[in-house]
file protein_4.txt (compact mmCIF, C-alpha atoms and all ligand atoms)
# COMPACT_ATOMS: atom_id res chain seq x y z
CA MET A 1 31.75 -46.49 -63.26
CA GLY A 2 29.87 -43.26 -63.86
CA SER A 3 28.80 -40.52 -61.49
CA VAL A 4 25.29 -39.41 -60.68
CA TYR A 5 24.52 -35.69 -60.58
CA PHE A 6 21.54 -34.64 -58.45
CA ASP A 7 19.61 -31.59 -59.56
CA ASP A 8 22.78 -30.03 -60.96
CA THR A 9 22.13 -26.57 -62.36
CA GLU A 10 25.78 -25.58 -62.84
CA ALA A 11 26.70 -27.55 -65.93
CA THR A 12 25.96 -26.21 -69.40
CA ASP A 13 24.10 -28.48 -71.77
CA GLN A 14 27.35 -29.22 -73.54
CA GLN A 15 29.13 -30.20 -70.31
CA ARG A 16 26.17 -32.33 -69.33
CA ARG A 17 26.09 -34.12 -72.69
CA THR A 18 29.82 -34.80 -72.45
CA ARG A 19 29.34 -36.39 -69.03
CA LEU A 20 26.30 -38.37 -70.15
CA TYR A 21 28.35 -39.79 -73.05
CA GLN A 22 30.92 -40.89 -70.48
CA GLY A 23 28.30 -42.84 -68.56
CA ASP A 24 27.26 -40.29 -65.95
CA ILE A 25 23.59 -39.95 -65.07
CA TYR A 26 21.57 -36.87 -64.16
CA VAL A 27 18.63 -36.91 -61.79
CA PHE A 28 16.59 -33.71 -61.64
CA ALA A 29 14.04 -32.55 -59.08
CA ALA A 30 10.50 -31.75 -60.14
CA THR A 31 9.70 -28.24 -61.39
CA ASP A 32 6.40 -26.49 -62.00
CA THR A 33 6.72 -27.51 -65.65
CA THR A 34 7.29 -31.20 -64.99
CA ARG A 35 4.50 -31.16 -62.43
CA ALA A 36 2.19 -29.70 -65.06
CA LEU A 37 3.17 -32.47 -67.50
CA VAL A 38 2.53 -35.12 -64.85
CA ALA A 39 -0.82 -33.52 -63.97
CA LEU A 40 -1.84 -33.67 -67.63
CA ALA A 41 -0.86 -37.34 -67.87
CA ARG A 42 -2.64 -38.20 -64.64
CA SER A 43 -5.85 -36.45 -65.61
CA MET A 44 -5.93 -38.29 -68.93
CA LEU A 45 -5.20 -41.66 -67.29
CA GLU A 46 -7.75 -41.10 -64.54
CA GLU A 47 -10.41 -40.08 -67.02
CA ALA A 48 -9.70 -43.07 -69.27
CA PHE A 49 -9.90 -45.57 -66.42
CA ALA A 50 -12.66 -43.87 -64.38
CA PRO A 51 -14.10 -44.72 -61.94
CA HIS A 52 -11.03 -46.85 -61.07
CA ASP A 53 -7.56 -45.80 -60.02
CA PRO A 54 -5.20 -46.31 -63.02
CA ARG A 55 -2.67 -47.90 -60.66
CA THR A 56 -5.00 -50.73 -59.70
CA ILE A 57 -6.93 -51.06 -62.93
CA HIS A 58 -5.66 -54.64 -63.36
CA ASN A 59 -7.96 -55.62 -60.48
CA HIS A 60 -10.99 -54.41 -62.41
CA LEU A 61 -10.46 -54.89 -66.14
CA SER A 62 -9.12 -57.68 -68.33
CA ALA A 63 -5.70 -57.36 -69.96
CA GLU A 64 -7.45 -56.97 -73.32
CA ALA A 65 -9.67 -54.14 -72.05
CA VAL A 66 -6.69 -52.30 -70.54
CA ALA A 67 -4.69 -52.73 -73.75
CA GLU A 68 -7.58 -51.30 -75.75
CA ILE A 69 -7.83 -48.21 -73.53
CA LEU A 70 -4.06 -47.66 -73.65
CA ARG A 71 -4.04 -48.01 -77.41
CA LYS A 72 -6.26 -44.94 -77.65
CA LEU A 73 -4.93 -43.01 -74.68
CA LYS A 74 -1.19 -43.09 -75.41
CA PRO A 75 -1.33 -41.41 -78.85
CA ARG A 76 -3.81 -38.84 -77.51
CA PHE A 77 -1.39 -37.90 -74.75
CA ILE A 78 1.69 -37.60 -76.94
CA HIS A 79 -0.13 -35.52 -79.56
CA HIS A 80 -1.69 -33.23 -76.98
CA ASP A 81 -0.57 -29.65 -77.66
CA GLU A 82 0.07 -29.07 -73.98
CA CYS A 83 2.28 -32.18 -73.81
CA LYS A 84 4.45 -30.92 -76.65
CA ARG A 85 4.64 -27.41 -75.21
CA LEU A 86 5.64 -28.64 -71.75
CA ILE A 87 8.31 -31.01 -73.05
CA LEU A 88 9.97 -28.17 -74.94
CA LYS A 89 9.80 -26.02 -71.81
CA ILE A 90 11.39 -28.82 -69.76
CA MET A 91 14.32 -28.95 -72.15
CA GLU A 92 14.57 -25.17 -72.25
CA GLU A 93 14.67 -24.84 -68.48
CA ARG A 94 17.55 -27.33 -68.46
CA GLY A 95 19.54 -25.11 -70.80
CA VAL A 96 19.01 -27.12 -73.98
CA ASP A 97 19.20 -25.07 -77.20
CA LEU A 98 15.85 -25.70 -78.88
CA ASP A 99 17.27 -24.76 -82.29
CA LYS A 100 19.78 -27.58 -82.07
CA VAL A 101 17.97 -30.34 -80.26
CA TYR A 102 15.93 -32.94 -82.13
CA PHE A 103 13.58 -35.27 -80.32
CA ASP A 104 11.68 -38.44 -80.99
CA VAL A 105 7.95 -38.49 -80.22
CA PRO A 106 7.45 -38.62 -76.46
CA ARG A 107 5.97 -41.86 -75.08
CA MET A 108 3.76 -42.72 -72.18
CA ARG A 109 4.62 -46.15 -70.80
CA SER A 110 2.88 -48.49 -68.42
CA ALA A 111 4.23 -51.41 -66.40
CA TYR A 112 1.65 -53.61 -64.69
CA PRO A 113 2.22 -56.19 -61.96
CA SER A 114 4.22 -58.88 -63.70
CA HIS A 115 1.39 -61.41 -64.11
CA PHE A 116 -0.66 -58.89 -66.10
CA LEU A 117 -0.10 -57.45 -69.58
CA SER A 118 3.68 -57.64 -69.70
CA SER A 119 4.03 -57.89 -73.46
CA GLY A 120 2.88 -56.17 -76.64
CA ILE A 121 1.62 -52.69 -75.94
CA ALA A 122 3.04 -52.73 -72.41
CA TYR A 123 6.22 -54.68 -73.08
CA ALA A 124 8.50 -54.99 -70.04
CA PHE A 125 11.94 -54.32 -71.40
CA HIS A 126 14.65 -56.81 -70.51
CA PRO A 127 18.15 -55.35 -69.93
CA HIS A 128 19.16 -53.55 -73.12
CA ARG A 129 20.88 -50.55 -74.56
CA ASP A 130 18.76 -48.39 -76.87
CA THR A 131 21.80 -48.49 -79.15
CA TRP A 132 21.10 -52.22 -79.70
CA TYR A 133 17.86 -50.97 -81.30
CA SER A 134 19.57 -48.69 -83.86
CA ALA A 135 19.63 -45.53 -81.73
CA PRO A 136 22.74 -43.42 -82.45
CA MET A 137 25.48 -43.24 -79.83
CA CYS A 138 24.54 -39.59 -79.14
CA GLN A 139 20.96 -40.36 -78.12
CA LEU A 140 19.94 -39.20 -74.66
CA ASN A 141 16.89 -40.51 -72.81
CA TRP A 142 14.75 -38.39 -70.48
CA TRP A 143 12.47 -40.35 -68.16
CA LEU A 144 9.83 -39.12 -65.66
CA PRO A 145 7.56 -41.10 -63.31
CA ILE A 146 3.89 -40.07 -63.24
CA TYR A 147 3.15 -41.65 -59.82
CA PRO A 148 5.48 -42.27 -56.84
CA LEU A 149 8.10 -44.92 -57.58
CA ASP A 150 8.79 -48.11 -55.69
CA PRO A 151 12.17 -49.88 -56.05
CA ASN A 152 10.30 -52.95 -57.31
CA ASN A 153 8.47 -50.94 -59.90
CA ALA A 154 11.09 -48.67 -61.45
CA MET A 155 13.82 -48.47 -64.07
CA GLY A 156 16.91 -50.53 -63.39
CA PHE A 157 20.39 -49.54 -64.54
CA TYR A 158 23.58 -51.57 -64.81
CA PRO A 159 26.09 -48.70 -64.79
CA HIS A 160 29.27 -50.77 -64.90
CA TYR A 161 28.26 -52.28 -68.23
CA PHE A 162 28.51 -48.80 -69.73
CA SER A 163 32.19 -49.55 -70.22
CA ASP A 164 32.08 -53.38 -70.14
CA PRO A 165 30.87 -55.02 -73.36
CA VAL A 166 27.95 -57.42 -73.04
CA ALA A 167 27.58 -60.38 -75.42
CA ASN A 168 24.30 -59.70 -77.23
CA SER A 169 22.20 -60.46 -80.28
CA SER A 170 21.96 -56.93 -81.70
CA ASP A 171 23.50 -58.16 -84.95
CA THR A 172 20.10 -59.75 -85.74
CA TYR A 173 18.32 -56.40 -85.46
CA ASN A 174 17.67 -54.08 -88.39
CA TYR A 175 15.55 -51.04 -87.66
CA TYR A 176 13.74 -51.00 -90.99
CA ASP A 177 12.89 -54.69 -90.90
CA TRP A 178 11.63 -54.24 -87.37
CA ASN A 179 9.39 -51.34 -88.38
CA SER A 180 8.04 -52.97 -91.49
CA ALA A 181 7.48 -56.48 -90.17
CA SER A 182 7.15 -56.58 -86.43
CA ARG A 183 5.68 -53.42 -85.01
CA VAL A 184 2.53 -53.65 -87.05
CA ASN A 185 1.71 -56.80 -85.13
CA ALA A 186 2.56 -55.62 -81.64
CA ALA A 187 -0.90 -54.41 -80.78
CA LYS A 188 -2.21 -57.95 -81.27
CA HIS A 189 0.23 -59.47 -78.79
CA VAL A 190 -1.59 -58.89 -75.59
CA LYS A 191 -0.41 -61.90 -73.60
CA THR A 192 2.56 -63.24 -75.49
CA ASP A 193 5.20 -61.41 -77.43
CA THR A 194 7.02 -63.34 -80.11
CA ARG A 195 9.00 -60.46 -81.58
CA GLU A 196 12.75 -61.02 -81.82
CA GLN A 197 14.41 -58.44 -79.59
CA PRO A 198 18.12 -57.81 -79.25
CA LYS A 199 19.11 -59.29 -75.89
CA ALA A 200 22.12 -60.02 -73.75
CA THR A 201 23.37 -63.53 -74.54
CA GLN A 202 25.48 -63.80 -71.42
CA GLU A 203 24.69 -63.95 -67.75
CA LEU A 204 24.57 -60.45 -66.25
CA GLU A 205 25.75 -59.62 -62.80
CA PRO A 206 22.43 -59.20 -60.99
CA ILE A 207 23.23 -55.78 -59.65
CA THR A 208 20.90 -53.06 -60.80
CA VAL A 209 20.73 -49.54 -59.50
CA ARG A 210 17.33 -47.93 -59.30
CA TYR A 211 17.15 -44.14 -59.28
CA LEU A 212 13.94 -43.03 -57.62
CA PRO A 213 13.25 -39.39 -58.43
CA PRO A 214 10.07 -37.87 -56.99
CA VAL A 215 6.99 -37.55 -59.17
CA GLY A 216 7.92 -35.08 -61.91
CA GLY A 217 11.65 -35.62 -61.32
CA ILE A 218 13.67 -36.69 -64.36
CA ILE A 219 16.40 -39.24 -65.00
CA VAL A 220 18.58 -38.30 -67.99
CA PHE A 221 20.91 -40.97 -69.37
CA SER A 222 22.76 -42.07 -72.46
CA GLY A 223 20.96 -44.47 -74.79
CA ALA A 224 24.08 -46.63 -74.46
CA GLN A 225 23.40 -47.31 -70.76
CA LEU A 226 22.33 -50.87 -70.05
CA HIS A 227 18.87 -50.51 -68.47
CA GLU A 228 15.65 -52.41 -68.00
CA THR A 229 12.09 -52.22 -66.81
CA VAL A 230 12.33 -53.82 -63.36
CA PRO A 231 9.76 -56.64 -63.35
CA ASN A 232 6.89 -55.13 -61.42
CA THR A 233 6.49 -57.23 -58.27
CA THR A 234 4.31 -54.65 -56.53
CA ASP A 235 0.54 -54.68 -56.77
CA VAL A 236 0.25 -51.29 -58.45
CA ALA A 237 0.89 -50.23 -62.04
CA ARG A 238 3.65 -47.82 -62.96
CA TYR A 239 3.12 -45.07 -65.54
CA SER A 240 5.97 -42.98 -66.92
CA ILE A 241 6.79 -40.52 -69.66
CA ASP A 242 9.97 -40.55 -71.71
CA PHE A 243 11.47 -38.84 -74.69
CA ARG A 244 14.77 -39.16 -76.53
CA THR A 245 16.95 -36.37 -77.90
CA VAL A 246 19.95 -35.84 -80.13
CA HIS A 247 21.93 -32.61 -80.49
CA ALA A 248 22.68 -31.49 -84.06
CA ASP A 249 26.32 -30.60 -83.30
CA ASP A 250 26.96 -34.07 -81.86
CA VAL A 251 25.19 -35.73 -84.77
CA MET A 252 27.40 -33.87 -87.26
CA THR A 253 30.64 -34.46 -85.36
CA ARG A 254 29.76 -38.06 -84.43
CA THR A 255 30.18 -37.19 -80.77
CA GLY A 256 28.53 -39.62 -78.36
CA ALA A 257 29.02 -42.59 -76.11
CA PRO A 258 31.58 -45.18 -77.19
CA ASN A 259 30.14 -48.13 -79.08
CA ILE A 260 31.45 -51.13 -77.22
CA ASP A 261 29.05 -53.88 -78.34
CA SER A 262 26.17 -52.67 -80.57
CA ARG A 263 26.11 -54.35 -83.97
CA CYS A 264 22.55 -53.66 -85.19
CA THR A 265 21.93 -52.11 -88.60
CA GLY A 266 19.80 -49.19 -89.72
CA THR A 267 19.41 -45.95 -87.82
CA THR A 268 16.65 -44.10 -85.96
CA MET A 269 18.15 -40.81 -87.19
CA ARG A 270 15.17 -40.10 -89.48
CA ASP A 271 12.80 -40.14 -86.51
CA TYR A 272 14.03 -37.06 -84.66
CA LEU A 273 12.30 -33.72 -85.18
CA ASN A 274 13.66 -30.30 -84.38
CA ALA A 275 12.23 -28.99 -81.13
CA ARG A 276 11.52 -25.55 -82.58
CA ASP A 277 10.13 -26.21 -86.05
CA LEU A 278 9.58 -30.00 -86.20
CA THR A 279 11.86 -30.39 -89.25
CA HIS A 280 13.90 -33.56 -89.73
CA LEU A 281 17.68 -33.60 -89.47
CA PRO A 282 19.32 -32.56 -92.75
CA ASP A 283 19.76 -35.39 -95.27
CA GLU A 284 23.54 -35.10 -95.10
CA ALA A 285 23.40 -35.69 -91.35
CA VAL A 286 21.21 -38.77 -91.70
CA GLN A 287 23.37 -40.16 -94.48
CA MET A 288 26.39 -40.17 -92.19
CA TYR A 289 24.59 -42.90 -90.23
CA ASP A 290 23.29 -44.91 -93.19
CA ASP A 291 24.87 -48.32 -93.63
CA GLY A 292 23.35 -49.52 -96.90
CA THR A 293 20.36 -51.29 -95.33
CA GLU A 294 18.12 -48.27 -95.97
CA ILE A 295 15.88 -49.32 -98.83
CA ALA A 296 13.18 -46.85 -99.80
CA SER A 297 10.33 -49.35 -99.55
CA LYS A 298 11.23 -50.14 -95.96
CA VAL A 299 12.32 -46.71 -94.83
CA LEU A 300 8.88 -45.43 -95.79
CA TYR A 301 7.52 -47.21 -92.77
CA PHE A 302 9.09 -44.54 -90.62
CA GLY A 303 6.22 -42.34 -91.71
CA ASP A 304 3.71 -44.67 -90.16
CA ARG A 305 3.60 -42.75 -86.94
CA LEU A 306 0.25 -44.04 -85.83
CA VAL A 307 1.47 -47.61 -85.79
CA HIS A 308 4.66 -46.56 -84.08
CA GLU A 309 2.95 -44.56 -81.37
CA ALA A 310 0.09 -46.92 -80.70
CA GLN A 311 2.51 -49.59 -79.59
CA GLU A 312 4.79 -47.85 -77.15
FE FE A 401 15.38 -48.32 -73.36
call {"tool": "encode", "arguments": {"input": "protein_4.txt", "output": "structure tokens"}}
result
Amino acid sequence: MGSVYFDDTEATDQQRRTRLYQGDIYVFAATDTTRALVALARSMLEEAFAPHDPRTIHNHLSAEAVAEILRKLKPRFIHHDECKRLILKIMEERGVDLDKVYFDVPRMRSAYPSHFLSSGIAYAFHPHRDTWYSAPMCQLNWWLPIYPLDPNNAMGFYPHYFSDPVANSSDTYNYYDWNSASRVNAAKHVKTDTREQPKATQELEPITVRYLPPVGGIIVFSGAQLHETVPNTTDVARYSIDFRTVHADDVMTRTGAPNIDSRCTGTTMRDYLNARDLTHLPDEAVQMYDDGTEIASKVLYFGDRLVHEAQE
């Protein structure tokens, strides 16, 4: 069972990464920088859904209309210069070395009351590890709520499964096949989602822990943590921002969480960009994670950022 550090400013980034790879979780308070990021997200959401409150938009628009607005709004947010600048500043103020950290495109996510738009572009994630979806064992996830959280409208964690294997179907998942075949279709799946996702194939103990940082607070956790989108049983929508990072030293030394049950193929290693100059990880680093399923015609789909971003 891991520990949870609240607003810890003592640990260096290296100490923090070591603890995160052991299953610990960090929860940070809001700062001026995270508040600025949240304000940017809110202003874009509120403008897109005006004159309605984005949190109750499901009472005013159809699922299709909301999906259409999100499809345009989400890429605009993540490509916004201010969004990129603030995310780098957030990492910097937490002591992360921007020359060594590589990050995947940030996402804005939405979770509506469970009867409304719970698939496709606003997929409610069942319990999973990101490492079942081809993330490397050194991936860290940073997650911020945009509006106040409710326990029934938050992220759920199953910390004890960090060290207990879970029977799962990740062996059916290949990252390149997923990109080339499935994601292209996600935007069409407004009410039903037929994509094959890696899932737990055993009963899980129904004990989730929900960390509820304030608006602009951050939860940082290993991509190997078992986590989920708690089915939203409230009557308001949840909006959040997240981004994923890997540290070049850990990539090169294969340092990360232990792999206790992930058997997917392919790697997301080509997706991360250096925080300072937006370069990819060196080829030799990526190749360490290749498993022979990387075929040029499929790997090319990584470049299809618009498809990728429109769906998250
Ligand atoms: Fe996840």
call {"tool": "closest_atom_pairs", "arguments": {"input": "protein_4.txt", "of": "chain A", "to": "ligand FE 401 (chain A)", "cutoff": "7 Å", "atoms": "all atoms listed in the file", "output": "JSON lines"}}
result
{"residue": "A:His128", "atom": "CA", "partner": "A:FE401", "partner_atom": "FE", "distance": 6.5}
{"residue": "A:Arg129", "atom": "CA", "partner": "A:FE401", "partner_atom": "FE", "distance": 6.1}
{"residue": "A:Asp130", "atom": "CA", "partner": "A:FE401", "partner_atom": "FE", "distance": 4.9}
{"residue": "A:Gly223", "atom": "CA", "partner": "A:FE401", "partner_atom": "FE", "distance": 6.9}
{"residue": "A:His227", "atom": "CA", "partner": "A:FE401", "partner_atom": "FE", "distance": 6.4}
{"residue": "A:Glu228", "atom": "CA", "partner": "A:FE401", "partner_atom": "FE", "distance": 6.7}
call {"tool": "atom_distance", "arguments": {"input": "protein_4.txt", "atom1": "CA of His115 in chain A", "atom2": "CA of Glu203 in chain A"}}
result
23.7 Å
call {"tool": "residues_around", "arguments": {"input": "protein_4.txt", "residues": "range 246-252 of chain A", "least_positions_apart": "5", "cutoff": "7 Å", "atoms": "all atoms listed in the file", "output": "ChimeraX atom specification"}}
result
/A:100-103,138-140,285
call {"tool": "residues_around", "arguments": {"input": "protein_4.txt", "residues": "range 10-26 of chain A", "least_positions_apart": "4", "cutoff": "8 Å", "atoms": "all atoms listed in the file", "output": "NGL selection string"}}
result
:A and (1-6 or 94-96 or 138 or 140 or 159 or 162-163 or 218-222 or 225 or 256-258)
call {"tool": "residues_around", "arguments": {"input": "protein_4.txt", "residues": "Arg85 in chain A", "least_positions_apart": "6", "cutoff": "12 Å", "atoms": "only C-alpha atoms", "output": "CSV table (one decimal) with C-alpha atoms, in the frame of the given file"}}
result
chain,number,residue,atom,x,y,z
A,33,THR,CA,6.7,-27.5,-65.6
A,34,THR,CA,7.3,-31.2,-65.0
A,36,ALA,CA,2.2,-29.7,-65.1
A,37,LEU,CA,3.2,-32.5,-67.5
A,40,LEU,CA,-1.8,-33.7,-67.6
A,78,ILE,CA,1.7,-37.6,-76.9
A,79,HIS,CA,-0.1,-35.5,-79.6
A,91,MET,CA,14.3,-29.0,-72.2
A,92,GLU,CA,14.6,-25.2,-72.2
A,98,LEU,CA,15.8,-25.7,-78.9
A,106,PRO,CA,7.4,-38.6,-76.5
A,275,ALA,CA,12.2,-29.0,-81.1
A,276,ARG,CA,11.5,-25.6,-82.6
call {"tool": "residues_near_point", "arguments": {"input": "protein_4.txt", "point": "(20.6, -59.4, -76.6)", "cutoff": "12 Å", "atoms": "only C-alpha atoms", "output": "PyMOL selection string"}}
result
chain A and resi 125-133+165-173+196-204+226+261-264
call {"tool": "residues_around", "arguments": {"input": "protein_4.txt", "residues": "range 43-56 of chain A", "least_positions_apart": "2", "cutoff": "8 Å", "atoms": "all atoms listed in the file", "output": "PyMOL selection string"}}
result
chain A and resi 39-41+58-60+69+73+77+235-238
call {"tool": "residues_around", "arguments": {"input": "protein_4.txt", "residues": "Leu144 in chain A", "least_positions_apart": "2", "cutoff": "9 Å", "atoms": "only C-alpha atoms", "output": "CSV table (one decimal) with C-alpha atoms, keeping the file's coordinate frame"}}
result
chain,number,residue,atom,x,y,z
A,34,THR,CA,7.3,-31.2,-65.0
A,38,VAL,CA,2.5,-35.1,-64.8
A,142,TRP,CA,14.8,-38.4,-70.5
A,146,ILE,CA,3.9,-40.1,-63.2
A,213,PRO,CA,13.2,-39.4,-58.4
A,214,PRO,CA,10.1,-37.9,-57.0
A,215,VAL,CA,7.0,-37.6,-59.2
A,216,GLY,CA,7.9,-35.1,-61.9
A,217,GLY,CA,11.6,-35.6,-61.3
A,218,ILE,CA,13.7,-36.7,-64.4
A,219,ILE,CA,16.4,-39.2,-65.0
A,239,TYR,CA,3.1,-45.1,-65.5
A,240,SER,CA,6.0,-43.0,-66.9
A,241,ILE,CA,6.8,-40.5,-69.7
A,242,ASP,CA,10.0,-40.6,-71.7
call {"tool": "closest_residue", "arguments": {"input": "protein_4.txt", "among": "A:Val27, A:Ile57, A:Ala135, A:Ala224", "to": "Asp271 in chain A", "atoms": "only C-alpha atoms"}}
result
A:Ala135
call {"tool": "atom_distance", "arguments": {"input": "protein_4.txt", "atom1": "CA of Met137 in chain A", "atom2": "CA of Asn259 in chain A"}}
result
6.8 Å
